[in-house]
Each structure stands twice: as structure tokens, then as C-alpha cells.
>>> print(open('work.txt').read())   # compact mmCIF, C-alpha atoms
# COMPACT_ATOMS: atom_id res chain seq x y z
CA MET A 1 4.92 -82.22 -0.21
CA ALA A 2 4.27 -81.79 -3.91
CA SER A 3 4.80 -78.38 -5.42
CA PRO A 4 1.89 -76.82 -7.28
CA GLU A 5 1.93 -77.38 -11.00
CA ILE A 6 3.00 -74.25 -12.80
CA LYS A 7 1.81 -74.14 -16.36
CA GLY A 8 3.84 -72.52 -19.08
CA ILE A 9 2.76 -69.68 -21.33
CA ALA A 10 2.74 -70.52 -25.01
CA THR A 11 4.53 -68.38 -27.55
CA THR A 12 3.08 -67.70 -30.98
CA ALA A 13 6.23 -67.77 -33.14
CA LYS A 14 7.39 -71.39 -33.13
CA LEU A 15 9.42 -73.72 -35.29
CA GLY A 16 8.82 -77.42 -34.72
CA GLY A 17 7.11 -76.58 -31.43
CA HIS A 18 10.10 -74.57 -30.17
CA PRO A 19 9.86 -70.81 -29.56
CA ILE A 20 11.84 -68.87 -32.17
CA HIS A 21 12.63 -65.71 -30.18
CA PRO A 22 15.01 -67.38 -27.68
CA MET A 23 16.79 -69.12 -30.57
CA LEU A 24 17.58 -65.78 -32.19
CA VAL A 25 18.45 -63.46 -29.29
CA PRO A 26 21.93 -64.82 -28.43
CA PHE A 27 23.34 -63.50 -31.71
CA PRO A 28 22.45 -59.80 -31.39
CA ILE A 29 23.31 -59.91 -27.68
CA ALA A 30 26.78 -61.28 -28.38
CA LEU A 31 27.33 -58.90 -31.31
CA MET A 32 26.22 -55.80 -29.37
CA PHE A 33 28.65 -56.81 -26.64
CA ALA A 34 31.35 -57.37 -29.29
CA THR A 35 30.68 -53.88 -30.65
CA PHE A 36 31.17 -52.43 -27.17
CA LEU A 37 34.42 -54.38 -26.70
CA CYS A 38 35.74 -53.39 -30.15
CA ASP A 39 35.00 -49.72 -29.39
CA LEU A 40 36.87 -50.03 -26.09
CA VAL A 41 39.87 -51.66 -27.78
CA TYR A 42 39.87 -49.00 -30.50
CA TRP A 43 39.78 -46.29 -27.83
CA GLY A 44 42.79 -47.89 -26.11
CA SER A 45 44.81 -48.78 -29.19
CA GLY A 46 43.80 -46.38 -31.95
CA ASN A 47 44.04 -49.30 -34.36
CA PRO A 48 41.38 -48.77 -37.09
CA PHE A 49 40.90 -52.54 -37.39
CA TRP A 50 38.85 -52.40 -34.18
CA ALA A 51 36.65 -49.58 -35.44
CA ASP A 52 35.96 -51.60 -38.59
CA ALA A 53 35.25 -54.71 -36.50
CA ALA A 54 32.79 -52.69 -34.39
CA TYR A 55 31.10 -51.41 -37.55
CA TRP A 56 30.52 -54.90 -38.96
CA SER A 57 29.59 -56.35 -35.60
CA LEU A 58 27.00 -53.61 -35.13
CA LEU A 59 25.59 -54.12 -38.63
CA VAL A 60 25.09 -57.87 -38.09
CA ALA A 61 23.72 -57.21 -34.57
CA ILE A 62 21.06 -54.90 -36.01
CA VAL A 63 20.04 -57.47 -38.61
CA GLY A 64 19.88 -60.18 -35.92
CA ALA A 65 17.93 -57.88 -33.59
CA ALA A 66 15.40 -57.21 -36.35
CA LEU A 67 14.85 -60.96 -36.82
CA ALA A 68 14.57 -61.54 -33.06
CA ALA A 69 12.21 -58.56 -32.77
CA MET A 70 9.86 -60.00 -35.40
CA ALA A 71 9.55 -63.22 -33.41
CA GLY A 72 9.28 -61.29 -30.14
CA PHE A 73 6.55 -58.99 -31.46
CA THR A 74 4.66 -62.01 -32.78
CA ASP A 75 4.76 -63.58 -29.31
CA PHE A 76 3.88 -60.29 -27.59
CA LEU A 77 0.94 -59.52 -29.87
CA GLY A 78 -0.22 -63.13 -30.10
CA ASN A 79 -0.72 -63.86 -26.40
CA ALA A 80 -2.63 -61.68 -23.93
CA GLN A 81 -0.89 -63.39 -20.98
CA ILE A 82 2.46 -62.11 -22.24
CA ARG A 83 1.11 -58.59 -22.80
CA ALA A 84 -0.20 -58.60 -19.22
CA MET A 85 3.34 -58.91 -17.78
CA ASN A 86 5.28 -55.82 -16.72
CA ALA A 87 8.50 -57.67 -17.55
CA ALA A 88 7.31 -58.18 -21.15
CA TRP A 89 6.60 -54.47 -21.59
CA GLN A 90 9.94 -53.50 -20.03
CA HIS A 91 11.75 -56.05 -22.20
CA MET A 92 10.04 -54.85 -25.38
CA ILE A 93 10.31 -51.09 -24.77
CA GLY A 94 13.93 -51.41 -23.64
CA ASN A 95 14.82 -53.40 -26.75
CA VAL A 96 13.08 -50.93 -29.06
CA ILE A 97 15.11 -48.11 -27.48
CA LEU A 98 18.25 -50.24 -27.73
CA VAL A 99 17.74 -50.90 -31.45
CA VAL A 100 17.01 -47.21 -32.15
CA LEU A 101 20.29 -46.30 -30.40
CA ALA A 102 22.10 -48.99 -32.40
CA LEU A 103 20.69 -47.54 -35.62
CA VAL A 104 21.87 -44.05 -34.60
CA SER A 105 25.31 -45.45 -33.81
CA PHE A 106 25.45 -47.26 -37.14
CA TRP A 107 24.30 -44.16 -39.01
CA LEU A 108 27.12 -42.16 -37.36
CA ARG A 109 29.63 -44.81 -38.38
CA VAL A 110 28.38 -44.75 -41.98
CA THR A 111 28.29 -40.95 -42.32
CA GLU A 112 31.45 -40.08 -40.37
CA GLY A 113 33.52 -43.19 -41.04
CA ALA A 114 33.97 -46.16 -38.75
CA ALA A 115 37.04 -44.88 -36.90
CA GLU A 116 35.96 -41.24 -36.71
CA ALA A 117 32.56 -42.13 -35.22
CA VAL A 118 33.88 -44.24 -32.34
CA LEU A 119 35.08 -41.35 -30.19
CA PRO A 120 33.18 -40.09 -28.40
CA TRP A 121 29.67 -40.93 -29.70
CA GLY A 122 30.16 -44.50 -30.90
CA LEU A 123 31.72 -45.57 -27.60
CA LEU A 124 29.12 -43.67 -25.58
CA LEU A 125 26.26 -45.24 -27.55
CA SER A 126 27.72 -48.76 -27.37
CA THR A 127 28.16 -48.33 -23.60
CA VAL A 128 24.52 -47.24 -23.17
CA ILE A 129 23.37 -50.04 -25.49
CA PHE A 130 25.33 -52.61 -23.49
CA ALA A 131 23.92 -51.35 -20.17
CA LEU A 132 20.38 -51.38 -21.57
CA LEU A 133 21.03 -54.85 -23.00
CA LEU A 134 21.86 -56.15 -19.52
CA PHE A 135 18.50 -54.85 -18.28
CA THR A 136 16.43 -56.19 -21.18
CA ALA A 137 18.15 -59.59 -21.10
CA TRP A 138 17.39 -59.78 -17.37
CA LYS A 139 13.73 -59.03 -18.08
CA GLY A 140 13.67 -61.66 -20.83
CA GLY A 141 15.11 -64.15 -18.36
CA ASP A 142 12.40 -63.18 -15.85
CA MET A 143 9.78 -63.98 -18.45
CA VAL A 144 11.19 -67.47 -19.02
CA TYR A 145 12.32 -68.45 -15.53
CA GLU A 146 9.69 -66.68 -13.42
CA HIS A 147 6.65 -66.71 -15.71
CA ARG A 148 7.54 -69.76 -17.87
CA VAL A 149 7.01 -67.94 -21.17
CA GLY A 150 7.86 -70.31 -23.99
CA MET A 151 7.36 -73.41 -21.86
CA HIS A 152 4.77 -75.92 -23.01
CA PRO A 153 1.54 -74.84 -21.31
CA GLU A 154 0.21 -78.37 -21.22
CA ALA A 155 3.27 -79.72 -19.40
CA PRO A 156 3.65 -79.28 -15.63
CA ALA A 157 6.90 -77.93 -14.23
CA GLU A 158 9.20 -80.85 -13.44
CA THR A 159 11.97 -81.16 -10.95
CA SER A 160 15.10 -82.89 -12.19
CA ALA A 161 14.35 -85.85 -9.87
CA SER A 162 10.81 -86.36 -11.20
CA ALA A 163 12.00 -85.90 -14.78
CA GLY A 164 14.54 -88.69 -14.31
CA GLN A 165 11.98 -91.01 -12.71
CA ASP A 166 9.56 -90.46 -15.57
CA ARG A 167 12.22 -91.73 -17.96
CA GLY A 168 12.97 -94.80 -15.89
CA LEU A 169 16.13 -93.26 -14.41
CA HIS A 170 16.72 -93.48 -10.68
CA ALA A 171 19.21 -91.62 -8.51
>>> encode(input="work.txt", output="C-alpha cells")
Amino acid sequence: MASPEIKGIATTAKLGGHPIHPMLVPFPIALMFATFLCDLVYWGSGNPFWADAAYWSLLVAIVGAALAAMAGFTDFLGNAQIRAMNAAWQHMIGNVILVVLALVSFWLRVTEGAAEAVLPWGLLLSTVIFALLLFTAWKGGDMVYEHRVGMHPEAPAETSASAGQDRGLHA
């Protein structure tokens, strides 16, 4: 029995036909997580190196998040099908809150000093940011894997077996 063809939902921000947003999001995700880990290590060790590492990791994460957000907003505003999804709204609103919290955390680190800002507020904020990041990343995954956002709308969903057969490969 053949499965129904599920069409993809096109994104607006593309480079060479590939959606830009998913190319950019791994960097701020990894750097926000690194900030959280550096804050934890600083809390446990008291070594100011880790507070400085968290500071720089957070700074680069914010820059990366701004770039990813521009592509994400372009996709969100450029396609009514994306705006119609609850997951898209949750992903966007959660990430806006996350970036605002990251900016607050960075501002504290600039005004109070990297090491002085970690405890308690820097660690608390990086913990909340990391928890919120898990939620928003899950929602982003829902958009791709459940709703096929960013998949070519003209191409039907393929199983790995049919994809191999189309290329002359046989199991």
C-alpha cells in the first residue's frame, strides 16, 4: 500500500535552494549550551577562565541567534502555511524570549564583570535559556519532521527504499 504523498512547505530565505535558517541554528544552540556548561564549571571551580569563556560564548551565541532569527523571520513572514502552525508560533515566541534573556545575561556580564555576574543571575539565566532552548528546538524539529517545513514542496516524501530504487540502487 502506497503512503500518501506529503508535500513540503517552502521556506522564503534560501541559498542555492537550501533553507538558510536550519544552516544557522546549530551555532547559537551549541554556544548557548556551552554558556550554560561554562557557568556550571565556574560555579564548581571558581576559576575565572570559565566565566570569561561563558561571556564570549554568550556573545557569539547572540550574534548567531540574530542571524538565524533574520532567516527565521523571513520564512515566518514569507509563508502563510508556516504562520498557520502552532509549532511555528511557539518556536518563534520562545526564541524571542530566549534571546531577550540572553541579552539580559550578557548585559549583566558586561556591567558587573564576567565572573561577578555568573552567580547567581548568570547561572540562573543560562539554566532558563537552556531549558527554553530545549523546548524551542523541539518545536523547530516538529516543523521540519512533522510538517516538512523547508522540504521541497514539489517533491513527494520518499522512503529510503524508493529513493534508492529511483537512483538505480537495489537492496
>>> closest_residue(input="work.txt", among="A:Met151, A:Ala87, A:Ala34, A:Pro48", to="A:Phe135", atoms="all atoms listed in the file")
A:Ala87
>>> residues_around(input="work.txt", residues="A:Glu116", least_positions_apart="5", cutoff="12 Å", atoms="all atoms listed in the file", output="list in words")
Asp39, Tyr42, Trp43, Gly46, Asn47, Pro48, Trp50, Ala51, Asp52, Tyr55, Ser105, Leu108, Arg109, Val110, Thr111, Trp121, Gly122 and Leu123 of chain A
>>> atom_distance(input="work.txt", atom1="atom CA of A:Arg83", atom2="atom CA of A:Ser126")
28.7 Å
>>> atom_distance(input="work.txt", atom1="atom CA of A:Val63", atom2="atom CA of A:Gln81")
28.0 Å
>>> residues_near_point(input="work.txt", point="(28.0, -51.0, -29.7)", cutoff="12 Å", atoms="only C-alpha atoms", output="PyMOL selection string")
chain A and resi 28-40+50-62+98-106+108-109+114+117-119+121-133
>>> closest_residue(input="work.txt", among="A:Gly141, A:Asn95, A:Pro26, A:Leu134", to="A:Gly72", atoms="all atoms listed in the file")
A:Asn95
>>> closest_residue(input="work.txt", among="A:Leu24, A:Ala84, A:Ala10, A:Met92", to="A:Gly140", atoms="only C-alpha atoms")
A:Met92
>>> atom_distance(input="work.txt", atom1="atom CA of A:Gly94", atom2="atom CA of A:Gly44")
29.2 Å
>>> residues_near_point(input="work.txt", point="(9.8, -64.1, -36.4)", cutoff="12 Å", atoms="all atoms listed in the file", output="PDB file with C-alpha atoms, keeping the file's coordinate frame")
ATOM      1  CA  THR A  11       4.530 -68.380 -27.550  1.00  0.00           C
ATOM      2  CA  THR A  12       3.080 -67.700 -30.980  1.00  0.00           C
ATOM      3  CA  ALA A  13       6.230 -67.770 -33.140  1.00  0.00           C
ATOM      4  CA  LYS A  14       7.390 -71.390 -33.130  1.00  0.00           C
ATOM      5  CA  LEU A  15       9.420 -73.720 -35.290  1.00  0.00           C
ATOM      6  CA  PRO A  19       9.860 -70.810 -29.560  1.00  0.00           C
ATOM      7  CA  ILE A  20      11.840 -68.870 -32.170  1.00  0.00           C
ATOM      8  CA  HIS A  21      12.630 -65.710 -30.180  1.00  0.00           C
ATOM      9  CA  PRO A  22      15.010 -67.380 -27.680  1.00  0.00           C
ATOM     10  CA  MET A  23      16.790 -69.120 -30.570  1.00  0.00           C
ATOM     11  CA  LEU A  24      17.580 -65.780 -32.190  1.00  0.00           C
ATOM     12  CA  VAL A  25      18.450 -63.460 -29.290  1.00  0.00           C
ATOM     13  CA  GLY A  64      19.880 -60.180 -35.920  1.00  0.00           C
ATOM     14  CA  ALA A  65      17.930 -57.880 -33.590  1.00  0.00           C
ATOM     15  CA  ALA A  66      15.400 -57.210 -36.350  1.00  0.00           C
ATOM     16  CA  LEU A  67      14.850 -60.960 -36.820  1.00  0.00           C
ATOM     17  CA  ALA A  68      14.570 -61.540 -33.060  1.00  0.00           C
ATOM     18  CA  ALA A  69      12.210 -58.560 -32.770  1.00  0.00           C
ATOM     19  CA  MET A  70       9.860 -60.000 -35.400  1.00  0.00           C
ATOM     20  CA  ALA A  71       9.550 -63.220 -33.410  1.00  0.00           C
ATOM     21  CA  GLY A  72       9.280 -61.290 -30.140  1.00  0.00           C
ATOM     22  CA  PHE A  73       6.550 -58.990 -31.460  1.00  0.00           C
ATOM     23  CA  THR A  74       4.660 -62.010 -32.780  1.00  0.00           C
ATOM     24  CA  ASP A  75       4.760 -63.580 -29.310  1.00  0.00           C
ATOM     25  CA  PHE A  76       3.880 -60.290 -27.590  1.00  0.00           C
ATOM     26  CA  LEU A  77       0.940 -59.520 -29.870  1.00  0.00           C
ATOM     27  CA  GLY A  78      -0.220 -63.130 -30.100  1.00  0.00           C
TER      28      GLY A  78
END
